[in-house]
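Engineer: Just entry-v5.csv, nothing more (CSV, C-alpha atoms):
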chain,number,residue,atom,x,y,z
A,89,MET,CA,-2.8,-7.0,11.8
A,90,LEU,CA,-2.7,-10.1,9.6
A,91,ILE,CA,-5.5,-10.7,7.1
A,92,LEU,CA,-6.7,-14.3,7.1
A,93,GLY,CA,-9.5,-14.4,4.6
A,94,ASP,CA,-13.0,-13.1,3.8
A,95,GLU,CA,-16.6,-14.0,3.0
A,96,GLY,CA,-17.0,-15.6,-0.4
A,97,HIS,CA,-19.4,-14.4,-3.0
A,98,TYR,CA,-18.6,-16.6,-6.0
A,99,HIS,CA,-22.1,-17.2,-7.5
A,100,GLY,CA,-21.1,-20.7,-8.6
A,101,ARG,CA,-18.0,-19.5,-10.4
A,102,PHE,CA,-14.4,-20.4,-10.0
A,103,PRO,CA,-11.9,-17.5,-10.1
A,104,TRP,CA,-9.6,-19.2,-12.5
A,105,VAL,CA,-7.9,-15.9,-13.6
A,106,THR,CA,-6.9,-15.2,-10.0
A,107,ALA,CA,-5.6,-18.7,-9.7
A,108,SER,CA,-3.7,-18.5,-13.0
A,109,LEU,CA,-2.1,-15.2,-12.0
A,110,VAL,CA,-0.8,-16.8,-8.8
A,111,VAL,CA,0.7,-19.7,-10.9
A,112,ILE,CA,2.2,-17.3,-13.4
A,113,ASN,CA,3.8,-15.1,-10.7
A,114,VAL,CA,5.3,-18.1,-9.0
A,115,ALA,CA,6.7,-19.4,-12.3
A,116,VAL,CA,8.2,-16.1,-13.1
A,117,TYR,CA,9.8,-15.9,-9.7
A,118,VAL,CA,11.4,-19.3,-10.3
A,119,ALA,CA,12.7,-18.0,-13.6
A,120,GLN,CA,14.1,-15.0,-11.7
A,121,VAL,CA,16.0,-17.2,-9.3
A,122,MET,CA,17.3,-19.5,-12.1
A,123,LEU,CA,18.3,-16.7,-14.6
A,124,GLY,CA,19.8,-14.3,-12.1
A,125,PRO,CA,19.5,-10.5,-11.5
A,126,GLY,CA,20.1,-9.6,-15.2
A,127,PHE,CA,16.6,-11.0,-16.0
A,128,THR,CA,14.9,-9.1,-13.2
A,129,LEU,CA,16.6,-5.8,-14.1
A,130,SER,CA,15.9,-6.1,-17.8
A,131,TYR,CA,12.2,-6.3,-17.3
A,132,ALA,CA,11.8,-4.1,-14.2
A,133,LEU,CA,10.2,-0.7,-14.4
A,134,VAL,CA,12.7,2.2,-14.3
A,135,PRO,CA,10.9,5.5,-14.1
A,136,GLY,CA,13.8,7.4,-15.7
A,137,GLU,CA,13.5,5.4,-18.9
A,138,LEU,CA,9.8,6.2,-19.7
A,139,PRO,CA,10.0,9.9,-20.6
A,140,MET,CA,12.8,9.2,-23.1
A,141,LEU,CA,11.5,5.8,-24.3
A,142,ARG,CA,15.2,4.8,-24.1
A,143,GLU,CA,17.1,2.5,-21.8
A,144,ILE,CA,19.5,3.6,-19.1
A,145,VAL,CA,22.9,2.1,-19.7
A,146,GLU,CA,24.8,3.0,-16.5
A,147,ALA,CA,23.0,3.7,-13.3
A,148,HIS,CA,23.7,3.5,-9.6
A,149,HIS,CA,21.2,2.7,-6.9
A,150,HIS,CA,21.9,6.1,-5.3
A,151,GLY,CA,24.1,7.5,-8.0
A,152,THR,CA,24.3,10.4,-10.4
A,153,ALA,CA,22.5,11.0,-13.7
A,154,PRO,CA,22.7,8.1,-16.1
A,155,ASP,CA,24.6,7.9,-19.4
A,156,LEU,CA,22.1,7.4,-22.2
A,157,ARG,CA,23.0,5.4,-25.3
A,158,GLY,CA,21.3,3.5,-28.1
A,159,PRO,CA,18.0,1.7,-27.7
A,160,ASN,CA,19.6,-1.7,-28.1
A,161,ASP,CA,21.9,-1.3,-25.0
A,162,ARG,CA,20.8,-2.8,-21.8
A,163,PRO,CA,21.1,-1.0,-18.4
A,164,LYS,CA,24.0,-1.9,-16.1
A,165,PHE,CA,23.3,-1.3,-12.4
A,166,THR,CA,25.8,-1.1,-9.6
A,167,ILE,CA,23.9,-1.5,-6.3
A,168,THR,CA,25.4,0.5,-3.5
A,169,ASN,CA,27.0,-1.7,-0.8
A,170,GLY,CA,26.3,-4.7,-3.0
A,171,PRO,CA,27.8,-6.7,-5.9
A,172,SER,CA,28.2,-5.2,-9.4
A,173,LEU,CA,25.7,-6.6,-11.8
A,174,ASP,CA,27.6,-5.5,-15.0
A,175,ALA,CA,28.7,-9.1,-15.6
A,176,ALA,CA,25.2,-10.5,-15.2
A,177,PRO,CA,23.5,-12.0,-18.3
A,178,LYS,CA,21.6,-9.4,-20.2
A,179,PHE,CA,18.0,-9.9,-21.4
A,180,TYR,CA,16.4,-7.7,-24.0
A,181,CYS,CA,13.1,-5.8,-23.5
A,182,PRO,CA,12.1,-4.1,-26.8
A,183,SER,CA,10.7,-1.0,-25.1
A,184,PRO,CA,10.7,0.6,-21.6
A,185,VAL,CA,6.9,0.9,-22.0
A,186,LEU,CA,6.6,-2.9,-21.9
A,187,THR,CA,8.1,-2.9,-18.4
A,188,LEU,CA,4.9,-1.3,-17.2
A,189,PHE,CA,3.5,-4.8,-17.8
A,190,THR,CA,6.5,-7.1,-17.2
A,191,SER,CA,7.3,-5.6,-13.9
A,192,LEU,CA,3.9,-6.7,-12.6
A,193,PHE,CA,5.1,-10.3,-12.6
A,194,LEU,CA,8.5,-9.8,-10.9
A,195,HIS,CA,9.2,-9.9,-7.2
A,196,ALA,CA,12.2,-9.0,-5.0
A,197,ASP,CA,12.2,-12.1,-2.8
A,198,ILE,CA,10.1,-15.0,-1.6
A,199,PHE,CA,8.4,-12.9,1.1
A,200,HIS,CA,7.5,-10.2,-1.4
A,201,LEU,CA,5.9,-12.9,-3.6
A,202,ILE,CA,4.0,-14.6,-0.8
A,203,GLY,CA,2.6,-11.3,0.6
A,204,ASN,CA,1.4,-10.2,-2.8
A,205,MET,CA,-0.1,-13.5,-3.8
A,206,TRP,CA,-2.0,-13.8,-0.5
A,207,PHE,CA,-3.6,-10.4,-1.0
A,208,LEU,CA,-4.4,-11.4,-4.6
A,209,LEU,CA,-6.1,-14.6,-3.4
A,210,VAL,CA,-8.1,-12.9,-0.6
A,211,PHE,CA,-9.3,-9.9,-2.6
A,212,GLY,CA,-9.2,-11.1,-6.2
A,213,ARG,CA,-11.6,-14.0,-5.9
A,214,ASN,CA,-14.7,-12.0,-5.1
A,215,VAL,CA,-13.8,-9.2,-7.6
A,216,GLU,CA,-13.3,-11.7,-10.4
A,217,CYS,CA,-16.5,-13.5,-9.7
A,218,ALA,CA,-18.3,-10.1,-9.8
A,219,MET,CA,-17.0,-9.6,-13.3
A,220,ASN,CA,-16.5,-11.9,-16.2
A,221,HIS,CA,-13.0,-13.5,-16.4
A,222,GLY,CA,-11.7,-11.6,-19.4
A,223,LEU,CA,-12.8,-8.2,-18.0
A,224,PHE,CA,-11.1,-9.0,-14.7
A,225,PHE,CA,-7.8,-9.8,-16.5
A,226,ALA,CA,-8.0,-6.6,-18.4
A,227,PHE,CA,-8.9,-4.7,-15.2
A,228,TYR,CA,-5.9,-6.2,-13.4
A,229,LEU,CA,-3.4,-5.1,-16.1
A,230,THR,CA,-5.0,-1.7,-16.4
A,231,CYS,CA,-4.6,-1.1,-12.7
A,232,GLY,CA,-1.0,-2.3,-12.8
A,233,VAL,CA,-0.2,0.1,-15.6
A,234,ALA,CA,-1.9,3.0,-13.7
A,235,ALA,CA,0.1,2.1,-10.6
A,236,GLY,CA,3.4,2.0,-12.6
A,237,LEU,CA,2.6,5.4,-14.1
A,238,ALA,CA,1.7,6.9,-10.7
A,239,HIS,CA,5.0,5.6,-9.3
A,240,SER,CA,7.0,7.0,-12.3
A,241,PHE,CA,5.3,10.4,-12.1
A,242,SER,CA,6.2,10.6,-8.4
A,243,ASP,CA,9.9,10.7,-9.4
A,244,VAL,CA,10.4,10.9,-13.1
A,245,TYR,CA,14.2,11.0,-12.7
A,246,SER,CA,14.4,7.8,-10.6
A,247,ILE,CA,16.8,5.1,-11.8
A,248,ILE,CA,15.8,2.6,-9.1
A,249,PRO,CA,14.1,-0.4,-10.6
A,250,CYS,CA,10.5,-1.1,-9.5
A,251,ILE,CA,8.9,-4.5,-9.5
A,252,GLY,CA,5.9,-6.3,-7.9
A,253,ALA,CA,2.2,-7.0,-8.4
A,254,SER,CA,1.1,-4.8,-5.5
A,255,GLY,CA,0.0,-1.9,-7.7
A,256,ALA,CA,-2.4,-4.1,-9.7
A,257,ILE,CA,-3.6,-5.8,-6.4
A,258,SER,CA,-4.2,-2.4,-4.9
A,259,GLY,CA,-6.5,-1.8,-7.8
A,260,ILE,CA,-8.4,-4.9,-6.9
A,261,MET,CA,-8.7,-3.7,-3.4
A,262,GLY,CA,-10.2,-0.4,-4.7
A,263,ALA,CA,-12.8,-2.4,-6.6
A,264,TYR,CA,-13.4,-4.7,-3.6
A,265,ILE,CA,-14.6,-1.9,-1.3
A,266,SER,CA,-16.8,-0.5,-4.1
A,267,ILE,CA,-18.5,-3.9,-4.6
A,268,HIS,CA,-18.4,-5.4,-1.1
A,269,PRO,CA,-17.7,-2.5,1.3
A,270,PHE,CA,-19.3,-4.3,4.3
A,271,ASN,CA,-18.0,-7.8,3.5
A,272,LYS,CA,-16.4,-9.3,6.6
A,273,ILE,CA,-12.6,-9.7,6.6
A,274,LYS,CA,-11.0,-12.0,9.1
A,275,VAL,CA,-8.0,-10.4,10.7
A,276,TRP,CA,-5.6,-11.6,13.4
A,277,LEU,CA,-4.7,-9.0,16.0
A,278,PHE,CA,-2.2,-11.2,17.9
A,279,ILE,CA,-4.7,-11.8,20.7
A,280,ALA,CA,-7.8,-12.6,18.8
A,281,VAL,CA,-9.3,-13.2,15.4
A,282,LEU,CA,-11.9,-10.6,14.5
A,283,GLU,CA,-14.3,-10.1,11.6
A,284,VAL,CA,-14.0,-6.5,10.4
A,285,PRO,CA,-15.8,-4.8,7.5
A,286,ALA,CA,-13.7,-4.5,4.3
A,287,LEU,CA,-14.2,-0.7,4.3
A,288,ILE,CA,-12.4,-0.4,7.6
A,289,VAL,CA,-9.6,-2.9,6.8
A,290,ILE,CA,-8.8,-1.4,3.4
A,291,GLY,CA,-9.5,2.1,4.6
A,292,LEU,CA,-6.8,1.7,7.2
A,293,TRP,CA,-4.4,0.3,4.6
A,294,PHE,CA,-5.1,3.2,2.3
A,295,VAL,CA,-4.5,5.8,5.1
A,296,GLN,CA,-1.2,4.1,6.0
A,297,ASN,CA,0.0,4.1,2.4
A,298,TYR,CA,-1.1,7.7,1.9
A,299,VAL,CA,0.8,8.9,4.9
A,300,SER,CA,3.9,6.9,3.9
A,301,ALA,CA,3.6,8.3,0.3
A,302,MET,CA,3.6,11.9,1.6
A,303,LEU,CA,6.6,11.2,3.8
A,304,SER,CA,8.4,9.6,0.9
A,305,LEU,CA,8.4,13.0,-0.8
A,306,GLU,CA,10.9,14.1,1.8
A,307,VAL,CA,14.4,13.2,0.5
A,308,THR,CA,15.6,12.4,4.0
A,309,VAL,CA,13.0,9.7,4.6
A,310,ASN,CA,13.8,6.1,3.6
A,311,ASN,CA,10.6,4.4,2.5
A,312,GLY,CA,12.2,0.9,2.7
A,313,GLY,CA,11.9,0.3,-1.0
A,314,VAL,CA,8.1,0.3,-1.0
A,315,ALA,CA,6.4,2.0,-4.0
A,316,TYR,CA,3.6,3.7,-2.0
A,317,TRP,CA,2.6,5.9,-4.9
A,318,ALA,CA,2.1,2.8,-7.0
A,319,HIS,CA,-0.2,1.4,-4.3
A,320,LEU,CA,-2.2,4.7,-4.3
A,321,GLY,CA,-2.3,5.0,-8.1
A,322,GLY,CA,-3.5,1.4,-8.5
A,323,PHE,CA,-6.1,1.7,-5.8
A,324,VAL,CA,-7.6,5.0,-7.2
A,325,ALA,CA,-7.6,3.5,-10.7
A,326,GLY,CA,-9.4,0.4,-9.5
A,327,PHE,CA,-12.0,2.3,-7.6
A,328,VAL,CA,-12.7,4.8,-10.4
A,329,ILE,CA,-12.8,2.1,-13.2
A,330,LEU,CA,-15.2,0.0,-11.2
A,331,ARG,CA,-17.6,2.9,-10.5
A,332,MET,CA,-17.5,3.8,-14.2
A,333,LEU,CA,-18.4,0.2,-15.1
A,334,ILE,CA,-21.3,0.3,-12.7
A,335,LEU,CA,-22.5,3.5,-14.2
A,336,CYS,CA,-22.3,2.0,-17.6
A,337,LEU,CA,-24.4,-1.0,-16.4
A,338,GLN,CA,-27.0,1.3,-14.9
A,339,TRP,CA,-27.2,3.2,-18.1
A,340,LYS,CA,-27.6,0.1,-20.2
A,341,HIS,CA,-30.3,-1.2,-17.8
A,342,ARG,CA,-32.3,2.0,-18.0
A,343,ALA,CA,-31.9,2.1,-21.8
A,344,ALA,CA,-33.4,-1.4,-22.0
A,345,GLY,CA,-36.6,-0.2,-20.5
A,346,PRO,CA,-39.1,-2.2,-18.4
A,347,ALA,CA,-39.1,-5.0,-21.0
A,348,GLY,CA,-35.4,-5.4,-21.0
A,349,LYS,CA,-33.9,-8.6,-19.8
A,350,PRO,CA,-31.9,-8.6,-16.6
A,351,MET,CA,-28.2,-8.4,-17.2
A,352,ALA,CA,-27.6,-11.0,-14.5
A,353,ALA,CA,-29.6,-13.1,-12.1
A,354,ALA,CA,-29.3,-14.1,-8.5
A,355,LYS,CA,-29.2,-17.8,-7.6
A,356,ASN,CA,-32.9,-17.8,-6.8
A,357,ASP,CA,-33.6,-16.5,-10.3
A,358,GLU,CA,-34.9,-13.3,-8.9
A,359,ALA,CA,-34.5,-10.4,-11.4
A,360,ASP,CA,-31.5,-8.7,-10.1
A,361,PRO,CA,-29.4,-7.0,-12.8
A,362,PHE,CA,-26.5,-6.1,-10.6
A,363,ALA,CA,-26.5,-9.0,-8.1
A,364,THR,CA,-22.9,-10.0,-8.9
A,365,PHE,CA,-21.5,-6.5,-9.5
A,366,MET,CA,-23.0,-4.1,-7.0
A,367,THR,CA,-23.5,-3.8,-3.3
A,368,VAL,CA,-26.9,-4.9,-1.8
A,369,GLN,CA,-27.5,-1.3,-0.8
A,370,THR,CA,-27.1,0.0,-4.4
A,371,VAL,CA,-29.3,-2.7,-5.8
A,372,ARG,CA,-32.0,-1.8,-3.3
A,373,LYS,CA,-31.9,1.8,-4.4
A,374,ILE,CA,-32.3,0.9,-8.0
A,375,ARG,CA,-35.3,-1.3,-7.2
A,376,GLU,CA,-36.9,1.6,-5.3
A,377,GLN,CA,-36.4,3.9,-8.2
A,378,GLN,CA,-37.9,1.4,-10.6
A,379,SER,CA,-41.0,1.0,-8.4
A,380,ASP,CA,-41.7,4.8,-8.2
Could I get this structure in the form of structure tokens?
Structural biologist:
Amino acid sequence: MLILGDEGHYHGRFPWVTASLVVINVAVYVAQVMLGPGFTLSYALVPGELPMLREIVEAHHHGTAPDLRGPNDRPKFTITNGPSLDAAPKFYCPSPVLTLFTSLFLHADIFHLIGNMWFLLVFGRNVECAMNHGLFFAFYLTCGVAAGLAHSFSDVYSIIPCIGASGAISGIMGAYISIHPFNKIKVWLFIAVLEVPALIVIGLWFVQNYVSAMLSLEVTVNNGGVAYWAHLGGFVAGFVILRMLILCLQWKHRAAGPAGKPMAAAKNDEADPFATFMTVQTVRKIREQQSD
């Protein structure tokens, strides 16, 4: 199943944060290619570093416990069946905590980058246009951090670097089905192009990631390098944060009383306080409550 696009609900806005994130990720990937693996490893998320707030000096892709030294030393990785990276140029990251953010803008290869950026473009536009731009950017980073923590807690002793924007994008997908659960998603099923509700498309994606995450807990199962727990953590964070924001909007609207001004308006100037942030079904329920 290949996702081709979705219905747009932009309300006259341009999702410039989504577009900017794509540009930044592409620029960082170009830097990765030019600066070499030392740059990527220095700013990648390594779960084993977070509990100690210290950097791993020697580690192996499938090796033994690392040797821990001072905070100014950079990790040196030797990838199994691959070239040694000890001689690669070292770049300094002040704290492993910062890698929860920096790892969101790194990618393993061009296909990893293209896949993530396509999902960001498809799902990020409508979510950003349902929020304000600053809130969307903060939401993106928060989901990314939550995804990184979920991945780290799944294996606190892991010394395998984790990179990619998929955790933050998973959070956007969690928000998407909360805002537009029945929005049509165009998917290519090899024999035809179908329009399927977002709830089904993203629901199937979630189930697949959940099953894979459970299987990844078995040490004998190779997950192919995919951080499934990061996907789940980001998704749950995005869905919960979005629902909390909606509850906050509902509370503010009720507190304003009948004389309160609508917090947003639809294109036809009809009083619709949540037209850009909630599903049509939810808005209808609020109106019915107000008319009682």
Engineer: Taking into account only C-alpha atoms, which residue in the set A:Val105, A:Ala263, A:Leu303, A:Val281 is nearest to Met332 of chain A?
Structural biologist: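 The answer is A:Ala263, which sits nearest to Met332 of chain A.
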Engineer: Give me, as a ChimeraX atom specification, all polymer residues having an atom no more than 8 Å from Tyr298 of chain A, counting all atoms listed in the file and skipping those fewer than 5 positions away in the same chain.
Structural biologist: /A:316-317,320
Engineer: Please compute the atom CA of Thr128 of chain A-atom CA of His200 of chain A distance, one decimal, in Å.
Structural biologist: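 About the pair atom CA of Thr128 of chain A and atom CA of His200 of chain A: they are 14.0 Å apart.
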Engineer: Nearest residue to Ala301 of chain A out of A:Ala238, A:Val111, A:Ile267, A:Leu133, using only C-alpha atoms?
Structural biologist: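 Of the candidates, the smallest distance to Ala301 of chain A is held by A:Ala238.
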Engineer: Pick the closest to Gly126 of chain A from A:Pro249, A:Gly313, A:Gly262, A:Gly326: which is it, counting all atoms listed in the file?
Structural biologist: A:Pro249
Engineer: Could you state the separation of atom CA of Val116 of chain A and atom CA of Ile260 of chain A in Å, given to one decimal place?
Structural biologist: 21.0 Å
Engineer: Select, counting all atoms listed in the file, all protein, DNA and RNA residues no farther than 7 Å from (-17.9, 1.3, 7.0) in file coordinates, and express the selection as a list in words.
Structural biologist: Pro269, Phe270, Pro285, Leu287 and Ile288 of chain A
Engineer: Would you mind telling me which residue in A:Asn220, A:Thr187, A:Ser108, A:Ser300 lies nearest to His319 of chain A when using all atoms listed in the file?
Structural biologist: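 Ranked by minimum distance to His319 of chain A, first place goes to A:Ser300.
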Engineer: Please return, as a list of chain:residue names, all polymer residues that have at least one atom within 10 Å of the point (0.9, -0.7, -14.8); use all atoms listed in the file and the file's own coordinate frame.
Structural biologist: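 Every polymer residue passing the test: A:Leu133, A:Val185, A:Leu186, A:Thr187, A:Leu188, A:Phe189, A:Thr190, A:Ser191, A:Leu192, A:Tyr228, A:Leu229, A:Thr230, A:Cys231, A:Gly232, A:Val233, A:Ala234, A:Ala235, A:Gly236, A:Leu237, A:Ala238, A:His239, A:Ala253, A:Gly255, A:Ala256, A:Ala318, A:Gly321, A:Gly322.
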Engineer: With all atoms listed in the file as the atoms that count, which of A:Leu138, A:Ala196, A:Leu337, A:Leu129 lies nearest to Tyr117 of chain A?
Structural biologist: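 Closest to Tyr117 of chain A, using all atoms listed in the file: A:Ala196.
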Engineer: What's around Asp94 of chain A at 7 Å? Count all atoms listed in the file, leave out sequence neighbours fewer than 4 positions away in its own chain, and write the answer as number ranges by chain.
Structural biologist: A: 210, 272-274
Engineer: Considering all atoms listed in the file, can you say which of A:Leu90, A:Leu201, A:Ile112, A:Leu194 comes closest to Ser130 of chain A?
Structural biologist: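 When distances to Ser130 of chain A are compared using all atoms listed in the file, the smallest one comes from A:Leu194.
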Engineer: Measure the distance from atom CA of Gly259 of chain A to atom CA of Phe227 of chain A in Å and round it to one decimal.
Structural biologist: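 The value is 8.3 Å.
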Engineer: What would segment 255-267 of chain A look like with N, CA and C atoms restored, written as a CSV table (one decimal), keeping the file's coordinate frame?
Structural biologist:
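Output (selection12.csv):
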chain,number,residue,atom,x,y,z
A,255,GLY,N,0.8,-3.0,-7.1
A,255,GLY,CA,0.0,-1.9,-7.7
A,255,GLY,C,-1.3,-2.4,-8.3
A,256,ALA,N,-1.2,-3.5,-9.1
A,256,ALA,CA,-2.4,-4.1,-9.7
A,256,ALA,C,-3.3,-4.7,-8.6
A,257,ILE,N,-2.8,-5.3,-7.5
A,257,ILE,CA,-3.6,-5.8,-6.4
A,257,ILE,C,-4.2,-4.7,-5.7
A,258,SER,N,-3.5,-3.5,-5.6
A,258,SER,CA,-4.2,-2.4,-4.9
A,258,SER,C,-5.4,-1.9,-5.7
A,259,GLY,N,-5.4,-2.1,-7.0
A,259,GLY,CA,-6.5,-1.8,-7.8
A,259,GLY,C,-7.7,-2.7,-7.5
A,260,ILE,N,-7.4,-4.0,-7.3
A,260,ILE,CA,-8.4,-4.9,-6.9
A,260,ILE,C,-9.0,-4.6,-5.6
A,261,MET,N,-8.2,-4.1,-4.7
A,261,MET,CA,-8.7,-3.7,-3.4
A,261,MET,C,-9.6,-2.5,-3.5
A,262,GLY,N,-9.3,-1.5,-4.4
A,262,GLY,CA,-10.2,-0.4,-4.7
A,262,GLY,C,-11.5,-0.9,-5.2
A,263,ALA,N,-11.5,-1.9,-6.1
A,263,ALA,CA,-12.8,-2.4,-6.6
A,263,ALA,C,-13.5,-3.2,-5.5
A,264,TYR,N,-12.8,-3.8,-4.6
A,264,TYR,CA,-13.4,-4.7,-3.6
A,264,TYR,C,-14.3,-3.8,-2.7
A,265,ILE,N,-13.8,-2.7,-2.2
A,265,ILE,CA,-14.6,-1.9,-1.3
A,265,ILE,C,-15.7,-1.2,-2.1
A,266,SER,N,-15.7,-1.1,-3.4
A,266,SER,CA,-16.8,-0.5,-4.1
A,266,SER,C,-17.9,-1.6,-4.3
A,267,ILE,N,-17.5,-2.9,-4.4
A,267,ILE,CA,-18.5,-3.9,-4.6
A,267,ILE,C,-19.0,-4.5,-3.3
